[in-house]
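J.: What follows is final-v9.tsv; its format and atoms are TSV, C-alpha atoms and all ligand atoms.
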chain	number	residue	atom	x	y	z
A	1	MET	CA	87.92	94.92	81.51
A	2	SER	CA	85.52	97.14	83.45
A	3	GLU	CA	83.80	100.19	82.02
A	4	GLU	CA	85.11	102.31	84.90
A	5	LEU	CA	88.41	103.26	83.26
A	6	LYS	CA	87.92	102.55	79.56
A	7	GLY	CA	88.88	105.44	77.27
A	8	LEU	CA	90.72	107.50	79.88
A	9	VAL	CA	94.29	108.83	79.51
A	10	ALA	CA	96.85	108.27	82.29
A	11	CYS	CA	100.43	109.26	82.99
A	12	VAL	CA	102.47	107.03	85.33
A	13	THR	CA	105.85	108.31	86.52
A	14	GLY	CA	108.57	105.74	87.09
A	15	GLY	CA	106.57	103.66	84.64
A	16	ALA	CA	109.50	101.76	83.11
A	17	SER	CA	110.13	99.41	86.02
A	18	GLY	CA	108.80	97.70	89.13
A	19	LEU	CA	105.52	98.93	90.56
A	20	GLY	CA	105.19	101.64	87.89
A	21	ALA	CA	105.39	99.04	85.13
A	22	GLY	CA	102.74	97.01	86.97
A	23	ILE	CA	100.44	100.04	87.18
A	24	VAL	CA	100.98	100.86	83.50
A	25	THR	CA	100.08	97.29	82.51
A	26	GLN	CA	97.02	97.09	84.76
A	27	LEU	CA	95.62	100.45	83.60
A	28	ALA	CA	96.25	99.58	79.94
A	29	GLN	CA	94.47	96.25	80.40
A	30	GLU	CA	91.49	98.24	81.70
A	31	GLY	CA	91.35	100.15	78.40
A	32	VAL	CA	93.30	103.24	79.46
A	33	THR	CA	95.80	104.94	77.14
A	34	VAL	CA	98.90	105.11	79.31
A	35	ILE	CA	101.98	107.30	79.06
A	36	ALA	CA	104.82	105.71	81.02
A	37	ALA	CA	107.26	108.48	82.00
A	38	ASP	CA	110.71	107.67	83.31
A	39	VAL	CA	114.41	108.49	83.15
A	40	GLN	CA	115.18	104.97	81.87
A	41	THR	CA	114.52	105.71	78.20
A	42	ASP	CA	115.68	102.47	76.52
A	43	LYS	CA	113.94	100.25	79.07
A	44	GLY	CA	110.76	102.35	78.95
A	45	GLU	CA	110.62	102.44	75.13
A	46	ALA	CA	111.10	98.66	74.95
A	47	PHE	CA	108.47	98.05	77.63
A	48	ALA	CA	105.90	100.26	75.90
A	49	GLU	CA	106.57	98.57	72.56
A	50	THR	CA	106.08	95.11	74.10
A	51	LEU	CA	102.69	96.16	75.49
A	52	ARG	CA	101.65	97.77	72.18
A	53	LYS	CA	102.40	94.46	70.45
A	54	GLN	CA	99.88	92.91	72.87
A	55	GLY	CA	97.31	95.41	71.61
A	56	LEU	CA	97.55	97.78	74.56
A	57	SER	CA	97.74	101.55	74.20
A	58	VAL	CA	101.02	102.39	75.95
A	59	TYR	CA	103.56	105.08	75.05
A	60	PHE	CA	106.83	106.11	76.63
A	61	ARG	CA	108.03	109.63	77.37
A	62	HIS	CA	111.34	110.64	78.93
A	63	LEU	CA	110.79	112.54	82.17
A	64	ASP	CA	113.04	113.38	85.08
A	65	VAL	CA	110.40	114.04	87.72
A	66	THR	CA	112.68	116.45	89.56
A	67	CYS	CA	112.93	118.80	86.56
A	68	GLU	CA	110.20	121.44	86.30
A	69	GLU	CA	111.00	122.28	82.65
A	70	GLN	CA	110.51	118.62	81.67
A	71	TRP	CA	107.10	118.53	83.40
A	72	ILE	CA	106.06	121.64	81.44
A	73	LEU	CA	107.13	120.01	78.14
A	74	LEU	CA	105.38	116.76	79.07
A	75	VAL	CA	102.12	118.57	79.77
A	76	GLU	CA	102.32	120.33	76.38
A	77	ASP	CA	102.93	116.95	74.76
A	78	LEU	CA	99.99	115.34	76.60
A	79	GLU	CA	97.73	118.12	75.39
A	80	THR	CA	98.77	117.97	71.72
A	81	GLU	CA	99.34	114.21	71.33
A	82	PHE	CA	96.73	112.77	73.69
A	83	SER	CA	94.17	115.61	73.94
A	84	GLY	CA	94.41	115.80	77.72
A	85	LEU	CA	94.82	113.78	80.87
A	86	ASP	CA	92.44	112.04	83.27
A	87	ILE	CA	94.82	110.22	85.63
A	88	LEU	CA	98.22	111.05	87.12
A	89	VAL	CA	100.05	108.40	89.13
A	90	ASN	CA	103.08	109.85	90.93
A	91	ASN	CA	105.02	106.64	91.41
A	92	ALA	CA	108.71	107.41	90.67
A	93	GLY	CA	110.83	107.01	93.76
A	94	ILE	CA	114.24	106.12	95.12
A	95	ILE	CA	115.52	104.91	98.45
A	96	ILE	CA	118.78	105.91	100.09
A	97	ARG	CA	119.49	103.22	102.65
A	98	LYS	CA	121.52	105.30	105.07
A	99	ARG	CA	121.07	106.22	108.73
A	100	LEU	CA	121.32	109.84	109.88
A	101	SER	CA	124.98	109.52	110.84
A	102	ASP	CA	126.00	108.49	107.30
A	103	LEU	CA	123.54	110.59	105.32
A	104	SER	CA	124.86	113.70	103.54
A	105	LEU	CA	122.75	116.78	102.87
A	106	GLU	CA	123.11	116.06	99.15
A	107	GLU	CA	121.64	112.56	99.60
A	108	TRP	CA	118.83	113.91	101.79
A	109	ASN	CA	117.98	116.54	99.15
A	110	ARG	CA	118.06	113.93	96.39
A	111	ALA	CA	115.57	111.67	98.19
A	112	VAL	CA	113.24	114.57	98.99
A	113	SER	CA	113.54	115.87	95.44
A	114	VAL	CA	112.72	112.56	93.69
A	115	ASN	CA	110.13	111.29	96.18
A	116	LEU	CA	108.35	114.46	97.28
A	117	ASN	CA	109.17	117.57	95.22
A	118	SER	CA	108.32	115.53	92.11
A	119	VAL	CA	104.78	114.99	93.42
A	120	PHE	CA	104.36	118.74	93.95
A	121	LEU	CA	105.63	119.43	90.41
A	122	GLY	CA	103.41	116.78	88.84
A	123	VAL	CA	100.27	117.97	90.59
A	124	LYS	CA	101.05	121.65	89.97
A	125	HIS	CA	101.68	121.26	86.24
A	126	CYS	CA	99.06	118.61	85.42
A	127	ARG	CA	96.29	120.37	87.33
A	128	ASN	CA	94.87	122.40	84.44
A	129	LEU	CA	94.76	119.40	82.11
A	130	LEU	CA	93.14	117.22	84.77
A	131	ALA	CA	90.60	119.93	85.57
A	132	ARG	CA	89.17	119.49	82.04
A	133	SER	CA	88.49	115.79	82.69
A	134	THR	CA	85.17	114.58	84.01
A	135	SER	CA	86.95	111.70	85.77
A	136	ALA	CA	90.12	113.24	87.19
A	137	SER	CA	92.18	111.32	89.71
A	138	ILE	CA	95.68	111.64	91.13
A	139	VAL	CA	97.26	108.74	93.01
A	140	ASN	CA	100.47	109.36	94.92
A	141	ILE	CA	102.56	106.33	95.82
A	142	SER	CA	103.83	106.71	99.36
A	143	SER	CA	104.78	103.72	101.54
A	144	THR	CA	104.27	102.27	104.98
A	145	ALA	CA	107.28	104.54	105.58
A	146	GLY	CA	104.70	107.33	105.35
A	147	ILE	CA	102.63	105.72	108.13
A	148	ILE	CA	105.32	104.54	110.56
A	149	ALA	CA	109.12	104.97	110.64
A	150	HIS	CA	111.43	102.89	108.47
A	151	LEU	CA	115.19	102.77	109.05
A	152	ASP	CA	116.02	105.32	106.33
A	153	PRO	CA	115.22	108.88	107.53
A	154	SER	CA	115.27	110.54	104.09
A	155	TYR	CA	112.87	107.93	102.72
A	156	THR	CA	110.58	108.02	105.75
A	157	THR	CA	110.43	111.83	105.76
A	158	SER	CA	109.77	112.11	102.03
A	159	LYS	CA	107.01	109.47	102.18
A	160	TRP	CA	105.32	111.20	105.16
A	161	GLY	CA	105.54	114.35	103.04
A	162	VAL	CA	103.74	112.63	100.17
A	163	ARG	CA	100.96	111.62	102.57
A	164	GLY	CA	100.61	115.17	103.91
A	165	PHE	CA	100.82	116.82	100.51
A	166	THR	CA	98.13	114.45	99.22
A	167	LYS	CA	95.70	115.76	101.83
A	168	ALA	CA	96.56	119.41	101.18
A	169	ALA	CA	96.19	118.91	97.42
A	170	ALA	CA	92.92	117.01	97.85
A	171	LEU	CA	91.49	119.97	99.73
A	172	GLU	CA	92.55	122.51	97.10
A	173	LEU	CA	91.84	120.48	93.96
A	174	VAL	CA	88.34	119.46	95.01
A	175	GLN	CA	87.17	122.74	93.46
A	176	ASP	CA	88.47	121.49	90.09
A	177	GLY	CA	86.78	118.10	90.45
A	178	ILE	CA	90.14	116.34	90.89
A	179	ARG	CA	90.43	113.60	93.52
A	180	VAL	CA	93.82	113.02	95.19
A	181	ASN	CA	94.65	109.93	97.25
A	182	SER	CA	97.74	108.09	98.47
A	183	VAL	CA	98.71	104.41	98.53
A	184	HIS	CA	101.03	102.92	101.15
A	185	PRO	CA	102.59	99.56	100.30
A	186	SER	CA	104.94	97.71	102.65
A	187	MET	CA	107.26	95.49	100.59
A	188	ILE	CA	106.85	94.75	96.87
A	189	ALA	CA	108.88	92.45	94.65
A	190	THR	CA	110.57	95.06	92.44
A	191	PRO	CA	114.13	95.99	91.43
A	192	LEU	CA	114.17	98.46	94.36
A	193	THR	CA	113.77	95.70	96.96
A	194	GLU	CA	115.87	93.21	94.99
A	195	ALA	CA	118.77	95.69	95.24
A	196	ALA	CA	118.48	95.80	99.04
A	197	PRO	CA	121.29	94.32	101.15
A	198	PRO	CA	121.23	90.56	101.84
A	199	GLY	CA	118.70	89.60	104.51
A	200	HIS	CA	116.58	92.73	104.04
A	201	MET	CA	113.57	90.98	102.51
A	202	GLU	CA	113.79	88.00	104.86
A	203	ALA	CA	113.86	90.30	107.90
A	204	ASN	CA	110.89	92.32	106.63
A	205	ARG	CA	108.82	89.16	106.14
A	206	TYR	CA	108.98	88.62	109.93
A	207	ALA	CA	107.05	91.88	110.38
A	208	ILE	CA	104.41	91.08	107.76
A	209	PRO	CA	101.61	88.84	109.06
A	210	MET	CA	101.04	87.54	105.53
A	211	GLY	CA	104.71	86.52	105.57
A	212	ARG	CA	105.49	87.66	102.06
A	213	GLU	CA	106.05	90.67	99.82
A	214	ALA	CA	103.35	91.87	97.39
A	215	GLN	CA	103.54	91.34	93.67
A	216	PRO	CA	103.31	94.66	91.76
A	217	GLU	CA	99.87	93.77	90.37
A	218	GLU	CA	98.47	93.43	93.91
A	219	ILE	CA	99.26	97.11	94.50
A	220	ALA	CA	98.39	98.13	90.93
A	221	LYS	CA	94.82	96.84	91.32
A	222	VAL	CA	94.29	99.15	94.31
A	223	VAL	CA	95.77	102.05	92.34
A	224	CYS	CA	93.38	101.27	89.46
A	225	PHE	CA	90.45	101.40	91.87
A	226	LEU	CA	91.52	104.86	93.07
A	227	CYS	CA	91.89	105.97	89.43
A	228	SER	CA	88.43	104.74	88.54
A	229	ARG	CA	84.96	106.19	88.92
A	230	GLY	CA	84.36	103.33	91.39
A	231	SER	CA	86.14	105.45	94.03
A	232	SER	CA	84.23	108.63	93.14
A	233	TYR	CA	83.59	109.61	96.79
A	234	MET	CA	87.23	109.19	97.88
A	235	THR	CA	89.64	112.09	98.15
A	236	GLY	CA	92.44	112.83	100.63
A	237	SER	CA	92.37	109.17	101.67
A	238	GLU	CA	95.29	106.90	102.34
A	239	ILE	CA	95.07	103.22	101.49
A	240	VAL	CA	97.53	100.94	103.24
A	241	VAL	CA	98.32	97.78	101.26
A	242	ASP	CA	100.81	96.02	103.48
A	243	GLY	CA	99.92	92.39	104.23
A	244	GLY	CA	98.96	93.49	107.76
A	245	MET	CA	102.33	95.06	108.65
A	246	THR	CA	101.22	98.34	110.19
A	247	THR	CA	98.24	96.74	111.93
A	248	ALA	CA	99.89	93.74	113.50
A	249	GLY	CA	103.54	93.55	112.46
A	250	VAL	CA	104.84	93.87	116.02
A	251	ALA	CA	102.43	91.27	117.46
A	252	HIS	CA	103.20	88.93	114.56
A	253	MET	CA	106.94	89.24	115.11
A	254	ARG	CA	106.55	88.70	118.86
A	255	ALA	CA	104.45	85.58	118.30
A	256	GLN	CA	107.15	84.10	116.06
A	257	PHE	CA	109.86	85.00	118.57
A	258	GLN	CA	107.91	83.41	121.46
A	259	GLU	CA	107.32	80.26	119.42
A	260	GLN	CA	111.09	79.88	119.01
A	261	TYR	CA	111.56	79.86	122.78
A	262	ASN	CA	108.60	77.68	123.78
B	301	LIG	P1	111.94	100.70	91.10
B	301	LIG	O1	113.32	101.18	91.40
B	301	LIG	O2	111.74	99.33	90.59
B	301	LIG	O3	111.23	101.71	90.10
B	301	LIG	C1	111.29	103.08	90.27
B	301	LIG	C2	111.21	103.74	88.92
B	301	LIG	O4	111.31	105.15	89.12
B	301	LIG	C3	112.36	103.33	87.99
B	301	LIG	O5	111.87	102.98	86.71
B	301	LIG	C4	113.23	104.56	87.93
B	301	LIG	O6	113.92	104.72	86.70
B	301	LIG	C5	112.19	105.66	88.13
B	301	LIG	N1	112.81	106.90	88.58
B	301	LIG	C6	113.72	107.08	89.56
B	301	LIG	N2	114.09	108.35	89.61
B	301	LIG	C7	113.38	109.01	88.64
B	301	LIG	C8	113.33	110.35	88.20
B	301	LIG	N3	114.11	111.31	88.74
B	301	LIG	N4	112.48	110.67	87.20
B	301	LIG	C9	111.71	109.71	86.63
B	301	LIG	N5	111.73	108.43	86.99
B	301	LIG	C10	112.56	108.08	88.00
B	301	LIG	O7	111.12	100.91	92.46
B	301	LIG	P2	109.66	100.43	92.87
B	301	LIG	O8	109.81	99.49	93.98
B	301	LIG	O9	108.87	100.03	91.67
B	301	LIG	O10	109.10	101.79	93.48
B	301	LIG	C11	108.02	102.50	92.92
B	301	LIG	C12	107.40	103.36	94.00
B	301	LIG	O11	106.86	102.49	95.01
B	301	LIG	C13	108.39	104.26	94.71
B	301	LIG	O12	107.79	105.51	94.97
B	301	LIG	C14	108.69	103.53	96.00
B	301	LIG	O13	109.09	104.39	97.04
B	301	LIG	C15	107.32	102.92	96.28
B	301	LIG	N6	107.34	101.78	97.18
B	301	LIG	C16	108.06	100.68	96.89
B	301	LIG	C17	108.07	99.61	97.79
B	301	LIG	C18	108.84	98.35	97.54
B	301	LIG	O14	108.92	97.49	98.44
B	301	LIG	N7	109.38	98.13	96.35
B	301	LIG	C19	107.32	99.69	98.97
B	301	LIG	C20	106.59	100.85	99.23
B	301	LIG	C21	106.60	101.89	98.33
Using structure tokens, write down the structure from this file.
T.:
Amino acid sequence: MSEELKGLVACVTGGASGLGAGIVTQLAQEGVTVIAADVQTDKGEAFAETLRKQGLSVYFRHLDVTCEEQWILLVEDLETEFSGLDILVNNAGIIIRKRLSDLSLEEWNRAVSVNLNSVFLGVKHCRNLLARSTSASIVNISSTAGIIAHLDPSYTTSKWGVRGFTKAAALELVQDGIRVNSVHPSMIATPLTEAAPPGHMEANRYAIPMGREAQPEEIAKVVCFLCSRGSSYMTGSEIVVDGGMTTAGVAHMRAQFQEQYN
């Protein structure tokens, strides 16, 4: 455990599963009191209880990130029960694997609401609490879909939105001493990717020079760095954590293809 994070209070949305659960665990292991907020109440409660039994300070709160009233109640709860907030990780997200021709307006709005509007609501309502912290950090989980295009337009658009909003928020919140950064993973071993159609992960590995997906803790460690005082001069930055995909995915795929025909 480093001294960088010890004693801080964090809220992680989508904290009951996948990457969010990895971030909750990593932060808690660094001595942070973590509130995992999610719509999956039973799973989240059980997860928090398991970590508490290991001596970690983790609590669950029900939160639908698309609901402004629930954010307002959560902030009140954070103030009364935890005396404030130092770290907000906007991690909750969904993917709608549909091309433009099949995508309804309702599905588009749902993806934008969960992936992007939620980040706006979280930052807007947590701002005053975070402004009281002497170590305030917001980390928004985007994707390589916020750097390049993925096949799903609603996901790609919402993740580019998270990247842009992060920079706008960083500029405005600097006056409150709050840093805001985004993280852009490629493929992570989580329920979201496990639910993908057959062949999806195998195909993606061709475009990742490291040839594999990340484990949640490999992304969570980068998130922890951005949450910590160790990144005190970083705001408005984007960190790509993608096994080399956006740098050299095309060249890597071409090399494999050429090898097959040599
Ligand atoms: P996941 O499906 O395993 O977990 C997402 C969590 O968000 C779940 O616990 C779910 O209940 C919660 N959630 C969904 N809608 C919610 C809502 N309205 N309110 C509150 N919570 C809600 O997915 P994951 O892979 O862990 O994804 C986490 C984040 O990482 C997402 O933002 C995703 O876009 C991003 N990401 C994932 C990958 C990947 O390969 N898995 C890659 C890049 C980025």
J.: Around ligand LIG 301 (chain B), at most 6 Å away and counting only C-alpha atoms and all ligand atoms, which residues are there? Put them as a PDB file with C-alpha atoms, in the frame of the given file, please.
T.:
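part20.pdb, written as the output of this step:
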ATOM      1  CA  THR A  13     105.850 108.310  86.520  1.00  0.00           C
ATOM      2  CA  GLY A  14     108.570 105.740  87.090  1.00  0.00           C
ATOM      3  CA  GLY A  15     106.570 103.660  84.640  1.00  0.00           C
ATOM      4  CA  ALA A  16     109.500 101.760  83.110  1.00  0.00           C
ATOM      5  CA  SER A  17     110.130  99.410  86.020  1.00  0.00           C
ATOM      6  CA  GLY A  18     108.800  97.700  89.130  1.00  0.00           C
ATOM      7  CA  LEU A  19     105.520  98.930  90.560  1.00  0.00           C
ATOM      8  CA  GLY A  20     105.190 101.640  87.890  1.00  0.00           C
ATOM      9  CA  ASP A  38     110.710 107.670  83.310  1.00  0.00           C
ATOM     10  CA  VAL A  39     114.410 108.490  83.150  1.00  0.00           C
ATOM     11  CA  GLN A  40     115.180 104.970  81.870  1.00  0.00           C
ATOM     12  CA  LEU A  63     110.790 112.540  82.170  1.00  0.00           C
ATOM     13  CA  ASP A  64     113.040 113.380  85.080  1.00  0.00           C
ATOM     14  CA  VAL A  65     110.400 114.040  87.720  1.00  0.00           C
ATOM     15  CA  THR A  66     112.680 116.450  89.560  1.00  0.00           C
ATOM     16  CA  ASN A  91     105.020 106.640  91.410  1.00  0.00           C
ATOM     17  CA  ALA A  92     108.710 107.410  90.670  1.00  0.00           C
ATOM     18  CA  GLY A  93     110.830 107.010  93.760  1.00  0.00           C
ATOM     19  CA  ILE A  94     114.240 106.120  95.120  1.00  0.00           C
ATOM     20  CA  VAL A 114     112.720 112.560  93.690  1.00  0.00           C
ATOM     21  CA  ILE A 141     102.560 106.330  95.820  1.00  0.00           C
ATOM     22  CA  SER A 142     103.830 106.710  99.360  1.00  0.00           C
ATOM     23  CA  SER A 143     104.780 103.720 101.540  1.00  0.00           C
ATOM     24  CA  PRO A 185     102.590  99.560 100.300  1.00  0.00           C
ATOM     25  CA  SER A 186     104.940  97.710 102.650  1.00  0.00           C
ATOM     26  CA  MET A 187     107.260  95.490 100.590  1.00  0.00           C
ATOM     27  CA  ILE A 188     106.850  94.750  96.870  1.00  0.00           C
ATOM     28  CA  ALA A 189     108.880  92.450  94.650  1.00  0.00           C
ATOM     29  CA  THR A 190     110.570  95.060  92.440  1.00  0.00           C
ATOM     30  CA  PRO A 191     114.130  95.990  91.430  1.00  0.00           C
ATOM     31  CA  LEU A 192     114.170  98.460  94.360  1.00  0.00           C
ATOM     32  CA  THR A 193     113.770  95.700  96.960  1.00  0.00           C
TER      33      THR A 193
END
J.: Mind listing whatever residues come within 12 Å of the point (92.4, 110.5, 99.6)? Use all atoms listed in the file, file coordinates, and give them as a PyMOL selection string.
T.: chain A and resi 137-141+162-171+173-174+178-184+223+226-227+231-240
J.: Give as a tab-separated table (two decimals) with C-alpha atoms, in the coordinates of the input every residue, naming chains and numbers as the document does, that has an atom within 9 Å of (106.5, 119.5, 90.1), counting only C-alpha atoms.
T.:
chain	number	residue	atom	x	y	z
A	65	VAL	CA	110.40	114.04	87.72
A	66	THR	CA	112.68	116.45	89.56
A	67	CYS	CA	112.93	118.80	86.56
A	68	GLU	CA	110.20	121.44	86.30
A	71	TRP	CA	107.10	118.53	83.40
A	72	ILE	CA	106.06	121.64	81.44
A	116	LEU	CA	108.35	114.46	97.28
A	117	ASN	CA	109.17	117.57	95.22
A	118	SER	CA	108.32	115.53	92.11
A	119	VAL	CA	104.78	114.99	93.42
A	120	PHE	CA	104.36	118.74	93.95
A	121	LEU	CA	105.63	119.43	90.41
A	122	GLY	CA	103.41	116.78	88.84
A	123	VAL	CA	100.27	117.97	90.59
A	124	LYS	CA	101.05	121.65	89.97
A	125	HIS	CA	101.68	121.26	86.24
A	126	CYS	CA	99.06	118.61	85.42
J.: Counting all atoms listed in the file, figure out which residue out of A:Arg229, A:Ala220, A:Ala207, A:Leu129 gets nearest to Thr80 in chain A.
T.: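 Of A:Arg229, A:Ala220, A:Ala207, A:Leu129, the one nearest Thr80 in chain A is A:Leu129, counting all atoms listed in the file.
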J.: Which of these residues is nearest to Asp102 in chain A, using only C-alpha atoms: A:Ser154, A:Gln70, A:Thr25, A:Gln175?
T.: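 That would be A:Ser154, the residue with the smallest distance to Asp102 in chain A.
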J.: Would you work out the distance separating CA of Ala136 in chain A from CA of Ala10 in chain A, expressed in Å to one decimal?
T.: 9.7 Å
J.: Can you tell me how far CA of Gly84 in chain A sits from CA of Arg132 in chain A, in Å to one decimal?
T.: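 Between CA of Gly84 in chain A and CA of Arg132 in chain A the gap is 7.7 Å.
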J.: Enter the distance from CA of Pro209 in chain A to CA of Ala149 in chain A, in Å, rounded to one decimal.
T.: 17.9 Å
J.: Model the absent atoms of range 134-157 of chain A so that N, CA and C atoms are present, and write the result as an mmCIF file, in the frame of the given file.
T.:
data_model
loop_
_atom_site.group_PDB
_atom_site.id
_atom_site.type_symbol
_atom_site.label_atom_id
_atom_site.label_comp_id
_atom_site.auth_asym_id
_atom_site.auth_seq_id
_atom_site.Cartn_x
_atom_site.Cartn_y
_atom_site.Cartn_z
ATOM 1 N N THR A 134 86.347 114.807 83.166
ATOM 2 C CA THR A 134 85.170 114.580 84.010
ATOM 3 C C THR A 134 85.410 113.392 84.960
ATOM 4 N N SER A 135 86.625 112.840 84.903
ATOM 5 C CA SER A 135 86.950 111.700 85.770
ATOM 6 C C SER A 135 88.404 111.825 86.218
ATOM 7 N N ALA A 136 88.719 112.938 86.888
ATOM 8 C CA ALA A 136 90.120 113.240 87.190
ATOM 9 C C ALA A 136 90.552 112.649 88.529
ATOM 10 N N SER A 137 91.678 111.956 88.497
ATOM 11 C CA SER A 137 92.180 111.320 89.710
ATOM 12 C C SER A 137 93.705 111.366 89.746
ATOM 13 N N ILE A 138 94.230 111.699 90.900
ATOM 14 C CA ILE A 138 95.680 111.640 91.130
ATOM 15 C C ILE A 138 95.923 110.614 92.221
ATOM 16 N N VAL A 139 96.873 109.711 91.976
ATOM 17 C CA VAL A 139 97.260 108.740 93.010
ATOM 18 C C VAL A 139 98.752 108.930 93.280
ATOM 19 N N ASN A 140 99.078 109.189 94.521
ATOM 20 C CA ASN A 140 100.470 109.360 94.920
ATOM 21 C C ASN A 140 100.943 108.115 95.656
ATOM 22 N N ILE A 141 102.053 107.543 95.181
ATOM 23 C CA ILE A 141 102.560 106.330 95.820
ATOM 24 C C ILE A 141 103.487 106.739 96.973
ATOM 25 N N SER A 142 103.013 106.504 98.169
ATOM 26 C CA SER A 142 103.830 106.710 99.360
ATOM 27 C C SER A 142 104.368 105.345 99.773
ATOM 28 N N SER A 143 104.193 104.965 101.020
ATOM 29 C CA SER A 143 104.780 103.720 101.540
ATOM 30 C C SER A 143 104.272 103.543 102.959
ATOM 31 N N THR A 144 104.495 102.368 103.527
ATOM 32 C CA THR A 144 104.270 102.270 104.980
ATOM 33 C C THR A 144 105.269 103.162 105.710
ATOM 34 N N ALA A 145 106.343 103.555 105.012
ATOM 35 C CA ALA A 145 107.280 104.540 105.580
ATOM 36 C C ALA A 145 106.642 105.912 105.722
ATOM 37 N N GLY A 146 105.466 106.094 105.151
ATOM 38 C CA GLY A 146 104.700 107.330 105.350
ATOM 39 C C GLY A 146 103.610 107.157 106.403
ATOM 40 N N ILE A 147 103.616 106.014 107.080
ATOM 41 C CA ILE A 147 102.630 105.720 108.130
ATOM 42 C C ILE A 147 103.356 105.526 109.466
ATOM 43 N N ILE A 148 104.466 104.790 109.394
ATOM 44 C CA ILE A 148 105.320 104.540 110.560
ATOM 45 C C ILE A 148 106.755 104.920 110.152
ATOM 46 N N ALA A 149 107.731 104.671 111.010
ATOM 47 C CA ALA A 149 109.120 104.970 110.640
ATOM 48 C C ALA A 149 109.793 103.733 110.055
ATOM 49 N N HIS A 150 110.504 103.913 108.945
ATOM 50 C CA HIS A 150 111.430 102.890 108.470
ATOM 51 C C HIS A 150 112.850 103.319 108.877
ATOM 52 N N LEU A 151 113.830 102.489 108.582
ATOM 53 C CA LEU A 151 115.190 102.770 109.050
ATOM 54 C C LEU A 151 115.857 103.942 108.347
ATOM 55 N N ASP A 152 115.344 104.323 107.171
ATOM 56 C CA ASP A 152 116.020 105.320 106.330
ATOM 57 C C ASP A 152 115.318 106.675 106.506
ATOM 58 N N PRO A 153 115.929 107.634 107.224
ATOM 59 C CA PRO A 153 115.220 108.880 107.530
ATOM 60 C C PRO A 153 114.812 109.695 106.311
ATOM 61 N N SER A 154 115.634 109.716 105.256
ATOM 62 C CA SER A 154 115.270 110.540 104.090
ATOM 63 C C SER A 154 114.058 109.934 103.389
ATOM 64 N N TYR A 155 114.009 108.608 103.357
ATOM 65 C CA TYR A 155 112.870 107.930 102.720
ATOM 66 C C TYR A 155 111.602 108.128 103.554
ATOM 67 N N THR A 156 111.729 107.869 104.856
ATOM 68 C CA THR A 156 110.580 108.020 105.750
ATOM 69 C C THR A 156 110.018 109.436 105.681
ATOM 70 N N THR A 157 110.881 110.427 105.757
ATOM 71 C CA THR A 157 110.430 111.830 105.760
ATOM 72 C C THR A 157 109.753 112.175 104.440
#
